Structure formats: C-alpha cells, structure tokens
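Asks: Have a look at this one before I ask anything.
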Amino acid sequence: PGVPSGASELTDALWQAIAEVATLRAAAVGPRGSAALQDAIRQQLAAFDITRTGFLDPSTFSKAMRSYSPALPDPVVEVLRGQVCQADGKVQIDQLVTKILQPPEPPAPRASPAPPKPPSEAGGPLWSALRRIRPALHERSLRLPTVFQRWLPAGSTRLSKETLGLGVAGLVGSELSEAQLQALFAAMSKHPDLGTSLEDFLAAFGAASGVGFEVFARELLGRTGRSLL
C-alpha cells in the first residue's frame with residue numbers, strides 16, 4: 001500500500017526511532033553498519049519468529065514493532081509493514097534489519113516556504129473527533145469491539161447518535177462538539193434511523209490517509225518519541 005502524501009517523513013522518523021531503541025537494546029556490540037549490530041537486531045526480531053521461517057507475518061510483525069514502541073496504533077503499523085512486506089504480506093527478517101538500520105536520507109531542498117500550521121480542525125470535524133478518540137483508546141489498551149459493546153444500551157445491537165456521544169464523552173473526558181458528533185455518527189451509520197452497527201463502527205476507524213491522517217500521525221510521532229526516551 002502507498003504511503004499517504006506528507007506521511008513519508010513521519011514514517012522515516014518512526015523507523016529511525018525504532019533503530020535507536022533496537023541499537024540501545026543491543027548494547028555496545030558495534031557501530032551502526034557493523035555485522036555484529038545487524039546480528040544483534042536480527043536476534044531481537046527472530047524472537048517473534050516462533051516457527052523459525054525467517055519471516056514475520058502481519059501479527060508477529062505487529063508484535064515486533066510494538067516491542068520497540070508499544071503506542072503504535074494499527075494503521076501506522078500497517079503503513080510500516082507495507083514498506084517492507086512481500087507480495088504474500090510477510091516480512092523477511094533480514095530485509096527488516098536492513099530497513100531498520102538504513103541511514104536516513106538527507107531532506108530534499110524546499111522550493112517554497114514551509115506550509116502554514118494546519119487549522120485545529122484539519123481534515124474536518126470527523127478527523128478532529130477521531131484524533132481525540134484514538135489516543136484515548138490506545139492509552140487504555142481498549143479494542144474497538146470491546147468499546148462498542150460497553151456503549152450499547154441493554155438489549156440493543158446498535159448505537160444511536162445520543163449513546164455514541166455519551167460513550168465518547170466518557171472515554172475522552174469531555175463532549176464532542178455538535179459538528180464532530182454529527183460527522184462521526186454520519187461516518188458510522190449507513191442507516192442513521194437504525195443507528196450504528198458494529199461493522200460500521202469498526203469501518204469508521206479504518207481510514208489512514210488525507211490531511212487528517214497527517215495531523216494525527218504528527219501528534220502520534222510526538223507521543224511515540226517521548227515514550228521511547
């Protein structure tokens with residue numbers, strides 16, 4: 001899968017942060033380009049290759065990346081995996097070691113001034129709402145199906161706009177604006193008169209592109225960088 005426009009620098013920075021943690025764990029076995037360091041990081045990753053195939057599937061790749069940065073959310077892990085996986089979706093450990101230890105490329109010269117700071121609702125009210133919800137989910141290690149079930153009224157299988165708003169407010173600590181709640185409910189409800197099903201609820205969190213992703217990813221990188229220190 002392609003990397004969203006503007007996110008390449010962010011994923012490069014995440015790879016560099018992962019490399020720093022992997023190098024620190026390897027202790028002082030050698031400089032960055034040394035065979036000793038490559039072998040040490042290969043051993044770190046091989047710990048997740050239970051079947052000793054030399055490859056990581058999507059699940060074990062996710063576990064390996066989160067061993068370096070536990071706060072990485074699923075969409076970002078998938079973007080990283082997409083940069084190193086083969087056609088069958090698996091990641092060769094040797095290739096992953098090379099990617100982790102790959103020196104950062106020098107930044108391209110800028111032909112124009114830096115773009116202005118994005119507005120507070122970059123990506124619209126939907127992404128503004130998701131940027132509040134996603135960190136709260138990850139900080140509490142909550143899975144989306146679990147959250148959906150907790151928010152459901154007794155005897156119901158769908159969330160109304162009102163129950164969705166109450167659930168989100170309890171999660172993030174304050175109410176969404178009417179525009180944010182309306183956009184979130186619209187994205188989650190193919191049939192607004194019936195409410196939000198579990199399938200629609202999960203689908204609304206699957207997006208990983210556009211201006212909203214870039215702002216969310218920048219915020220994530222700041223949190224991830226702090227947790228790695």
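Labeling convention for the structure tokens: chains A, B, ... as they appear, residues from 1 per chain, ligands from 1 in order of appearance.
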Quick one: pick out all strand (DSSP E) residues within segment 13-227 of chain A from a backbone DSSP run and write them as a list in words.
Replies: Phe55, Leu56, Val91 and Gln92 of chain A
Asks: Segment 52-56 of chain A: which residues within 8 Å, counting only C-alpha atoms, same-chain residues fewer than 6 positions away excluded, as a ChimeraX atom specification?
Replies: /A:46,90-94
Asks: Taking N, CA, C and O atoms for each residue, export the selection above as a short mmCIF file (atom, residue, chain, number, x, y, z; two decimals), in the first residue's frame.
Replies:
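So the final result, stored in again-v4.cif, reads:
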data_model
loop_
_atom_site.label_atom_id
_atom_site.label_comp_id
_atom_site.auth_asym_id
_atom_site.auth_seq_id
_atom_site.Cartn_x
_atom_site.Cartn_y
_atom_site.Cartn_z
N ALA A 46 14.05 -12.21 15.53
CA ALA A 46 13.85 -13.66 15.42
C ALA A 46 13.09 -14.22 16.62
O ALA A 46 12.49 -15.29 16.53
N LYS A 90 4.05 -11.16 4.07
CA LYS A 90 5.04 -11.48 5.10
C LYS A 90 6.29 -10.60 4.94
O LYS A 90 6.58 -10.10 3.85
N VAL A 91 7.01 -10.44 6.03
CA VAL A 91 8.21 -9.59 6.05
C VAL A 91 9.42 -10.47 6.34
O VAL A 91 9.45 -11.17 7.36
N GLN A 92 10.41 -10.42 5.44
CA GLN A 92 11.64 -11.17 5.66
C GLN A 92 12.46 -10.47 6.74
O GLN A 92 12.69 -9.26 6.68
N ILE A 93 12.91 -11.21 7.72
CA ILE A 93 13.62 -10.62 8.85
C ILE A 93 14.89 -9.92 8.40
O ILE A 93 15.20 -8.80 8.85
N ASP A 94 15.65 -10.52 7.49
CA ASP A 94 16.88 -9.88 7.02
C ASP A 94 16.59 -8.55 6.36
O ASP A 94 17.33 -7.57 6.55
#
Asks: Which residues are near segment 63-66 of chain A? Cut-off 9 Å, only C-alpha atoms, ignore same chain within fewer than 6 positions. Put them as a PyMOL selection string.
Replies: chain A and resi 18+44-45+47-48+56+72-73+77
Asks: Would you kindly return, as an mmCIF file with N, CA, C and O atoms, in the first residue's frame, each protein, DNA or RNA residue with an atom no farther than 9 Å from any atom of segment 185-198 of chain A, considering only C-alpha atoms and excluding same-chain residues fewer than 2 positions away?
Replies:
data_model
loop_
_atom_site.group_PDB
_atom_site.id
_atom_site.type_symbol
_atom_site.label_atom_id
_atom_site.label_comp_id
_atom_site.auth_asym_id
_atom_site.auth_seq_id
_atom_site.Cartn_x
_atom_site.Cartn_y
_atom_site.Cartn_z
ATOM 1 N N LEU A 126 -14.781 15.244 11.364
ATOM 2 C CA LEU A 126 -14.642 13.796 11.577
ATOM 3 C C LEU A 126 -13.249 13.464 12.068
ATOM 4 O O LEU A 126 -13.080 12.764 13.083
ATOM 5 N N LEU A 144 -11.659 -1.869 19.769
ATOM 6 C CA LEU A 144 -12.892 -1.257 19.300
ATOM 7 C C LEU A 144 -14.130 -2.120 19.570
ATOM 8 O O LEU A 144 -15.155 -1.584 20.024
ATOM 9 N N PRO A 145 -14.101 -3.444 19.324
ATOM 10 C CA PRO A 145 -15.306 -4.235 19.633
ATOM 11 C C PRO A 145 -15.701 -4.166 21.104
ATOM 12 O O PRO A 145 -16.884 -4.125 21.445
ATOM 13 N N PHE A 148 -17.400 -0.793 21.707
ATOM 14 C CA PHE A 148 -18.752 -0.799 21.136
ATOM 15 C C PHE A 148 -19.729 -1.510 22.064
ATOM 16 O O PHE A 148 -20.835 -1.009 22.333
ATOM 17 N N GLN A 149 -19.328 -2.678 22.568
ATOM 18 C CA GLN A 149 -20.212 -3.433 23.459
ATOM 19 C C GLN A 149 -20.483 -2.682 24.760
ATOM 20 O O GLN A 149 -21.592 -2.726 25.306
ATOM 21 N N THR A 157 -28.485 -3.653 19.663
ATOM 22 C CA THR A 157 -27.330 -4.063 18.860
ATOM 23 C C THR A 157 -26.755 -2.893 18.076
ATOM 24 O O THR A 157 -25.810 -3.073 17.321
ATOM 25 N N ARG A 158 -27.330 -1.711 18.248
ATOM 26 C CA ARG A 158 -26.865 -0.537 17.520
ATOM 27 C C ARG A 158 -26.779 0.674 18.453
ATOM 28 O O ARG A 158 -27.507 0.761 19.437
ATOM 29 N N LEU A 159 -25.865 1.577 18.091
ATOM 30 C CA LEU A 159 -25.704 2.815 18.849
ATOM 31 C C LEU A 159 -26.483 3.946 18.186
ATOM 32 O O LEU A 159 -26.389 4.143 16.976
ATOM 33 N N SER A 160 -27.229 4.686 18.974
ATOM 34 C CA SER A 160 -27.840 5.910 18.468
ATOM 35 C C SER A 160 -26.816 7.044 18.538
ATOM 36 O O SER A 160 -25.746 6.898 19.135
ATOM 37 N N LYS A 161 -27.164 8.155 17.947
ATOM 38 C CA LYS A 161 -26.264 9.310 17.998
ATOM 39 C C LYS A 161 -26.051 9.741 19.449
ATOM 40 O O LYS A 161 -24.930 10.083 19.849
ATOM 41 N N LEU A 164 -23.807 7.201 21.305
ATOM 42 C CA LEU A 164 -22.443 7.352 20.797
ATOM 43 C C LEU A 164 -21.777 8.566 21.440
ATOM 44 O O LEU A 164 -20.624 8.500 21.897
ATOM 45 N N GLY A 165 -22.510 9.680 21.517
ATOM 46 C CA GLY A 165 -21.954 10.885 22.123
ATOM 47 C C GLY A 165 -21.621 10.692 23.592
ATOM 48 O O GLY A 165 -20.575 11.138 24.064
ATOM 49 N N GLN A 180 -18.638 17.703 15.349
ATOM 50 C CA GLN A 180 -17.816 16.496 15.424
ATOM 51 C C GLN A 180 -18.682 15.258 15.614
ATOM 52 O O GLN A 180 -18.480 14.236 14.956
ATOM 53 N N LEU A 181 -19.664 15.333 16.524
ATOM 54 C CA LEU A 181 -20.539 14.188 16.784
ATOM 55 C C LEU A 181 -21.370 13.859 15.548
ATOM 56 O O LEU A 181 -21.535 12.692 15.193
ATOM 57 N N GLN A 182 -21.877 14.882 14.883
ATOM 58 C CA GLN A 182 -22.681 14.659 13.688
ATOM 59 C C GLN A 182 -21.856 13.989 12.594
ATOM 60 O O GLN A 182 -22.309 13.041 11.933
ATOM 61 N N ALA A 183 -20.609 14.468 12.403
ATOM 62 C CA ALA A 183 -19.740 13.890 11.373
ATOM 63 C C ALA A 183 -19.361 12.452 11.721
ATOM 64 O O ALA A 183 -19.317 11.580 10.852
ATOM 65 N N ASP A 200 -20.136 -1.006 10.952
ATOM 66 C CA ASP A 200 -19.942 0.394 10.558
ATOM 67 C C ASP A 200 -19.052 1.133 11.544
ATOM 68 O O ASP A 200 -18.269 2.005 11.164
ATOM 69 N N PHE A 201 -19.175 0.796 12.807
ATOM 70 C CA PHE A 201 -18.354 1.403 13.867
ATOM 71 C C PHE A 201 -16.878 1.123 13.607
ATOM 72 O O PHE A 201 -16.031 2.028 13.648
ATOM 73 N N LEU A 202 -16.546 -0.136 13.296
ATOM 74 C CA LEU A 202 -15.154 -0.507 13.043
ATOM 75 C C LEU A 202 -14.641 0.140 11.768
ATOM 76 O O LEU A 202 -13.496 0.588 11.703
ATOM 77 N N ALA A 203 -15.488 0.206 10.727
ATOM 78 C CA ALA A 203 -15.051 0.739 9.436
ATOM 79 C C ALA A 203 -14.657 2.207 9.537
ATOM 80 O O ALA A 203 -13.745 2.657 8.832
ATOM 81 N N ALA A 204 -15.317 2.951 10.405
ATOM 82 C CA ALA A 204 -15.031 4.382 10.520
ATOM 83 C C ALA A 204 -13.623 4.648 11.037
ATOM 84 O O ALA A 204 -13.070 5.723 10.820
#
Asks: What is the atom CA of Asp12 of chain A-atom CA of Glu78 of chain A distance in Å, reported with one decimal?
Replies: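 If I compute the distance from atom CA of Asp12 of chain A to atom CA of Glu78 of chain A, I get 14.1 Å.
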Asks: As an exercise, work out the distance from atom CA of Val172 of chain A to atom CA of Asp74 of chain A in Å and give it to one decimal place.
Replies: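 Atom CA of Asp74 of chain A lies at a distance of 19.4 Å from atom CA of Val172 of chain A.
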Asks: Output as a PyMOL selection string all residues of segment 6-214 of chain A that backbone DSSP marks as helix (DSSP H, G or I).
Replies: chain A and resi 8-25+35-46+58-68+74-82+93-100+124-139+144-151+161-172+178-188+198-203+210-214
